[in-house]
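**Student:** Let me begin by handing over the structure; questions about it come next.
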Amino acid sequence: MIRSSPAPVPLEQLSRRAPHSGCIPASLHPPGRGASRSLPGAQGVNRARGGRCRRWRAGLGRAPRSPPGNSERLCRFPSGGSRCSRYKAYMAPGSSKEKKSDDGQASKENFIHLCNPHLEKMKEDILYHFALGTGTHDFPKLFGDVKFVCVGGSPSRMKAFIAYIAEELGLGSPGCDYPNICAGTDRYAMYKVGPVLSVSHGMGIPSISIMLHELIKLLYHAKCSDITIIRIGTSGGIGLEPGSVVITRQSVDATFKPQLEQVVLGKTVIRSTNLDEQLAKELMQCSKEIGQFNTVIGNTMCTLDFYEGQGRLDGAICLYDEGEKLQYLKNAYESGVRNIEMESSVFAAMCNLSGVKAAVVCVTLLNRLEGDQISSPHDVLVEYQQRPQKLVGYFIKKSLGKV
């Protein structure tokens, strides 16, 4: 059955909400994919604030040769910057623009970096899976004040988080409703309060990848600056008590390498999965200040599925024994892995390429060295899932000077 989209809301009505407001009025529920209307400044590239890949402006041609013994191309941020995987143009993480404060002090704003020249040619950019578009929505007015983006798998969890952070920041009121900005689609859910955006991403690398492509473009079109993106979620722990929180140092693949392999146009591309080290330290300090639960910094293994890819014995298919499983998990622990999930690698890689500070904060629901099935009582699991929210909420409050 084909669902009909709600009728479009006039653009001027969507743009009426003041920055950093609390609840979004019900009248600002997002429209469907109605007739497009171009917005001034929403088309093409704002070169004054940068953001486009320099390789297309520098006229650089052939791709550099791959390292000896490796036919795959590396796409990463050497020494704090980024390198386009096909060209020699070097780019700083994000695009910067200097501004002066009221006291005359100069500071730099870091904008989103997009390494895609084709977007420059588009009159309108439709974010299909969000049911949003530059021709029907004024992104700078709707999202321009965003500084923190929190993403997680479950729509209900991300709605609970936006209600929690609204209360923590003093922007909400009892019984306040937070409408789903992406109500025109059932793919993802998005909520906003003040400078915080909360978005669901579904389960696994393909689902979060689609969401991130459109989220990063949304932040770019909104001209957001100095963005921090944090994934909050659940995971299986290795050698940790259930309920421990892991702040990811590196996302590693199932062979414990800090990289994401992706096939693009029939060729394998390898991208770095390092995360912001300073941000991880700041989150760790916040956990120490809270003092409510065990928190560690460690590597996170990102797998392609929940069962065989994570060495479980309880799936429909299992062609290895318990000894092999335990040896694999012990090898993972010795390599620095402290938890396992299914989204962190592409999350880290895409945030790296976009010049965005990013972190992954996940609670462990069980110790995989002791079993495979999650058997804790429901109320215990609910409390566990609130721990990353509490930590990230405290970090946001502290960053805004509200602690």
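So you can find residues: chains in the structure tokens are A, B, ... in the order shown, residues in each start at 1, and ligands are numbered from 1 in order.
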Considering only C-alpha atoms, return as a list in words whatever protein or nucleic-acid residues lie within 8 Å of stretch 395-399 of chain A, sequence-local ones (same chain, fewer than 2 positions apart) excluded.
**Tutor:**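 With the cut-off at 8 Å, the set is Phe148, Glu168, Leu169, Glu282, Leu283, Cys286, Leu391, Val392, Gly393, Gly401, Lys402 and Val403 of chain A.
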**Student:** Please, could you write that set of residues out with N, CA and C atoms as a short mmCIF file (atom, residue, chain, number, x, y, z; two decimals), in the first residue's frame?
**Tutor:**
```cif
data_model
loop_
_atom_site.label_atom_id
_atom_site.label_comp_id
_atom_site.auth_asym_id
_atom_site.auth_seq_id
_atom_site.Cartn_x
_atom_site.Cartn_y
_atom_site.Cartn_z
N PHE A 148 25.13 20.06 18.11
CA PHE A 148 25.32 18.69 18.55
C PHE A 148 24.30 17.80 17.85
N GLU A 168 17.28 18.60 30.53
CA GLU A 168 18.59 18.91 31.08
C GLU A 168 19.03 20.33 30.74
N LEU A 169 18.67 20.80 29.54
CA LEU A 169 19.07 22.14 29.10
C LEU A 169 18.05 23.21 29.48
N GLU A 282 37.50 14.03 26.52
CA GLU A 282 36.53 14.91 27.17
C GLU A 282 35.32 14.12 27.67
N LEU A 283 34.88 13.16 26.88
CA LEU A 283 33.76 12.31 27.32
C LEU A 283 34.16 11.46 28.52
N CYS A 286 34.01 13.54 31.55
CA CYS A 286 32.61 13.73 31.95
C CYS A 286 32.10 12.53 32.74
N LEU A 391 25.65 10.28 29.88
CA LEU A 391 27.01 10.75 29.64
C LEU A 391 27.05 11.83 28.57
N VAL A 392 26.40 11.57 27.44
CA VAL A 392 26.41 12.54 26.35
C VAL A 392 25.61 13.79 26.73
N GLY A 393 24.53 13.61 27.46
CA GLY A 393 23.76 14.76 27.94
C GLY A 393 24.59 15.66 28.83
N GLY A 401 28.17 25.28 28.97
CA GLY A 401 28.34 26.04 30.21
C GLY A 401 27.16 25.96 31.14
N LYS A 402 26.43 24.85 31.12
CA LYS A 402 25.23 24.71 31.95
C LYS A 402 25.42 23.72 33.09
N VAL A 403 26.66 23.26 33.33
CA VAL A 403 26.91 22.33 34.44
C VAL A 403 27.22 23.16 35.68
#
```
**Student:** Could you tell me, as a PyMOL selection string, which residues of stretch 200-322 of chain A DSSP assigns to strand (DSSP E or B) when given the backbone?
**Tutor:** chain A and resi 200+225+228-237+245-252+259-264+267-272+274+295-302
**Student:** Near A:Val361, within 6 Å and counting only C-alpha atoms, which residues show up once chain neighbours fewer than 3 positions away are dropped, as a PDB file with N, CA, C and O atoms, in the first residue's frame?
**Tutor:**
```pdb
ATOM      1  N   ILE A 232      25.124   7.115  20.024  1.00  0.00           N
ATOM      2  CA  ILE A 232      24.849   6.510  21.320  1.00  0.00           C
ATOM      3  C   ILE A 232      24.063   5.226  21.074  1.00  0.00           C
ATOM      4  O   ILE A 232      23.116   5.207  20.293  1.00  0.00           O
ATOM      5  N   VAL A 246      31.463   2.051  26.825  1.00  0.00           N
ATOM      6  CA  VAL A 246      32.696   2.085  26.042  1.00  0.00           C
ATOM      7  C   VAL A 246      32.691   3.324  25.147  1.00  0.00           C
ATOM      8  O   VAL A 246      31.765   3.532  24.361  1.00  0.00           O
ATOM      9  N   ILE A 247      33.731   4.145  25.287  1.00  0.00           N
ATOM     10  CA  ILE A 247      33.968   5.264  24.382  1.00  0.00           C
ATOM     11  C   ILE A 247      34.987   4.774  23.360  1.00  0.00           C
ATOM     12  O   ILE A 247      36.093   4.355  23.726  1.00  0.00           O
ATOM     13  N   PRO A 388      24.554   5.823  28.199  1.00  0.00           N
ATOM     14  CA  PRO A 388      25.168   6.686  27.181  1.00  0.00           C
ATOM     15  C   PRO A 388      24.443   8.026  27.047  1.00  0.00           C
ATOM     16  O   PRO A 388      25.078   9.059  26.795  1.00  0.00           O
TER      17      PRO A 388
END
```
**Student:** Please identify which residues in stretch 78-253 of chain A DSSP calls helix (DSSP H, G or I) from the backbone, and express them as JSON, numbers by chain.
**Tutor:** {"A": [78, 79, 80, 117, 118, 119, 120, 121, 128, 129, 130, 139, 140, 141, 142, 143, 155, 156, 157, 158, 159, 160, 161, 162, 163, 164, 165, 166, 167, 168, 205, 206, 207, 208, 209, 210, 211, 212, 213, 214, 215, 216, 217, 218, 219, 220, 221]}
**Student:** Restricting the calculation to only C-alpha atoms, which member of A:Ala189, A:Met301, A:Ala183, A:Ala163 is positioned closest to A:Glu343?
**Tutor:** A:Met301
**Student:** Using atom CA of A:Tyr384 and atom CA of A:Leu365 as the two end points, give the distance in Å to one decimal.
**Tutor:**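 Calculated distance between atom CA of A:Tyr384 and atom CA of A:Leu365 is 7.2 Å.
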**Student:** What gap, in Å, lies between atom CA of A:Gly237 and atom CA of A:Gly371?
**Tutor:** 10.5 Å
**Student:** Between A:Met158, A:Ile317, A:Leu132, A:Leu304, which residue has the minimum interatomic distance to A:Ile340, considering only C-alpha atoms?
**Tutor:**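 Going through A:Met158, A:Ile317, A:Leu132, A:Leu304 one by one, the smallest distance to A:Ile340 is for A:Leu304.
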**Student:** Quick one: pull the distance between atom CA of A:Ile181 and atom CA of A:Val193, Å, one decimal.
**Tutor:**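 According to the coordinates, atom CA of A:Ile181 and atom CA of A:Val193 are separated by 11.2 Å.
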**Student:** Within 12 Å of A:Arg157, counting only C-alpha atoms, which residues show up once you throw out same-chain ones fewer than 3 positions away? Write them as a list in words, please.
**Tutor:**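 The contact residues come out as Cys150, Val151, Gly152, Gly153, Ser154, Ala160, Phe161, Ile162, Ala163, Tyr164, Ala189, Met190, Tyr191, Ser198, Val199, Ser200, His201, Gly202, Ile232, Gly233, Thr234, Val382, Gln385, Gln386, Pro388 and Gln389 of chain A.
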**Student:** Rank nothing, just name the residue among A:Gly144, A:Gly311, A:Pro206, A:Gly298 nearest to A:Met342, using only C-alpha atoms.
**Tutor:**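 Of the candidates, the smallest distance to A:Met342 is held by A:Pro206.
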**Student:** Under the rule that only C-alpha atoms are counted, which of A:Asp372, A:Thr134, A:Asn180, A:Gly309 is the nearest residue to A:Leu119?
**Tutor:**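 Among A:Asp372, A:Thr134, A:Asn180, A:Gly309, it is A:Thr134 that comes nearest to A:Leu119.
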**Student:** Which neighbours of A:Asn367 fall inside 8 Å, counting only C-alpha atoms, when residues of the same chain fewer than 4 positions from it are skipped, and could you give them as a PDB file with all heavy atoms, in the first residue's frame?
**Tutor:**
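Written output follows (around-v5.pdb):
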```
ATOM      1  N   GLY A 236      27.715  -5.476  22.557  1.00  0.00           N
ATOM      2  CA  GLY A 236      28.150  -6.606  23.359  1.00  0.00           C
ATOM      3  C   GLY A 236      29.553  -6.338  23.859  1.00  0.00           C
ATOM      4  O   GLY A 236      30.429  -5.942  23.082  1.00  0.00           O
ATOM      5  N   GLY A 237      29.787  -6.523  25.138  1.00  0.00           N
ATOM      6  CA  GLY A 237      31.101  -6.254  25.704  1.00  0.00           C
ATOM      7  C   GLY A 237      32.016  -7.460  25.628  1.00  0.00           C
ATOM      8  O   GLY A 237      31.577  -8.600  25.497  1.00  0.00           O
ATOM      9  N   ILE A 238      33.321  -7.204  25.701  1.00  0.00           N
ATOM     10  CA  ILE A 238      34.317  -8.279  25.780  1.00  0.00           C
ATOM     11  C   ILE A 238      35.185  -8.002  27.007  1.00  0.00           C
ATOM     12  O   ILE A 238      35.927  -7.015  27.052  1.00  0.00           O
ATOM     13  CB  ILE A 238      35.200  -8.350  24.512  1.00  0.00           C
ATOM     14  CG1 ILE A 238      34.344  -8.584  23.266  1.00  0.00           C
ATOM     15  CG2 ILE A 238      36.236  -9.462  24.647  1.00  0.00           C
ATOM     16  CD1 ILE A 238      35.151  -8.707  21.992  1.00  0.00           C
ATOM     17  N   GLY A 239      35.059  -8.852  28.025  1.00  0.00           N
ATOM     18  CA  GLY A 239      35.845  -8.684  29.229  1.00  0.00           C
ATOM     19  C   GLY A 239      35.385  -7.552  30.120  1.00  0.00           C
ATOM     20  O   GLY A 239      36.143  -7.090  30.974  1.00  0.00           O
ATOM     21  N   LEU A 240      34.163  -7.087  29.931  1.00  0.00           N
ATOM     22  CA  LEU A 240      33.603  -6.009  30.751  1.00  0.00           C
ATOM     23  C   LEU A 240      32.309  -6.471  31.398  1.00  0.00           C
ATOM     24  O   LEU A 240      31.560  -7.269  30.815  1.00  0.00           O
ATOM     25  CB  LEU A 240      33.323  -4.767  29.899  1.00  0.00           C
ATOM     26  CG  LEU A 240      34.518  -4.067  29.239  1.00  0.00           C
ATOM     27  CD1 LEU A 240      34.017  -2.957  28.328  1.00  0.00           C
ATOM     28  CD2 LEU A 240      35.461  -3.510  30.288  1.00  0.00           C
ATOM     29  N   GLU A 241      32.022  -5.937  32.571  1.00  0.00           N
ATOM     30  CA  GLU A 241      30.759  -6.230  33.221  1.00  0.00           C
ATOM     31  C   GLU A 241      29.607  -5.602  32.431  1.00  0.00           C
ATOM     32  O   GLU A 241      29.755  -4.498  31.879  1.00  0.00           O
ATOM     33  CB  GLU A 241      30.758  -5.678  34.647  1.00  0.00           C
ATOM     34  CG  GLU A 241      31.643  -6.454  35.610  1.00  0.00           C
ATOM     35  CD  GLU A 241      31.160  -7.880  35.796  1.00  0.00           C
ATOM     36  OE1 GLU A 241      29.935  -8.087  35.951  1.00  0.00           O
ATOM     37  OE2 GLU A 241      32.011  -8.796  35.782  1.00  0.00           O
ATOM     38  N   PRO A 242      28.459  -6.266  32.341  1.00  0.00           N
ATOM     39  CA  PRO A 242      27.296  -5.655  31.680  1.00  0.00           C
ATOM     40  C   PRO A 242      26.973  -4.303  32.314  1.00  0.00           C
ATOM     41  O   PRO A 242      27.072  -4.136  33.534  1.00  0.00           O
ATOM     42  CB  PRO A 242      26.177  -6.669  31.931  1.00  0.00           C
ATOM     43  CG  PRO A 242      26.887  -7.974  32.101  1.00  0.00           C
ATOM     44  CD  PRO A 242      28.172  -7.642  32.803  1.00  0.00           C
ATOM     45  N   GLY A 371      28.748 -15.579  27.425  1.00  0.00           N
ATOM     46  CA  GLY A 371      27.521 -16.042  26.780  1.00  0.00           C
ATOM     47  C   GLY A 371      27.168 -15.200  25.577  1.00  0.00           C
ATOM     48  O   GLY A 371      27.842 -14.217  25.255  1.00  0.00           O
TER      49      GLY A 371
END
```
**Student:** Give me the residues near A:Thr248 as a list of chain:residue names, where near means some atom within 8 Å (using only C-alpha atoms) and where sequence neighbours in that chain fewer than 4 positions away do not count.
**Tutor:** A:Leu275, A:Ala280, A:Ile297, A:Gly298, A:Asn299, A:Thr300, A:Ala359, A:Val360, A:Val361
**Student:** Restricting the calculation to only C-alpha atoms, which member of A:Tyr128, A:Ser287, A:Arg368, A:Leu197 is positioned closest to A:Thr185?
**Tutor:** A:Tyr128
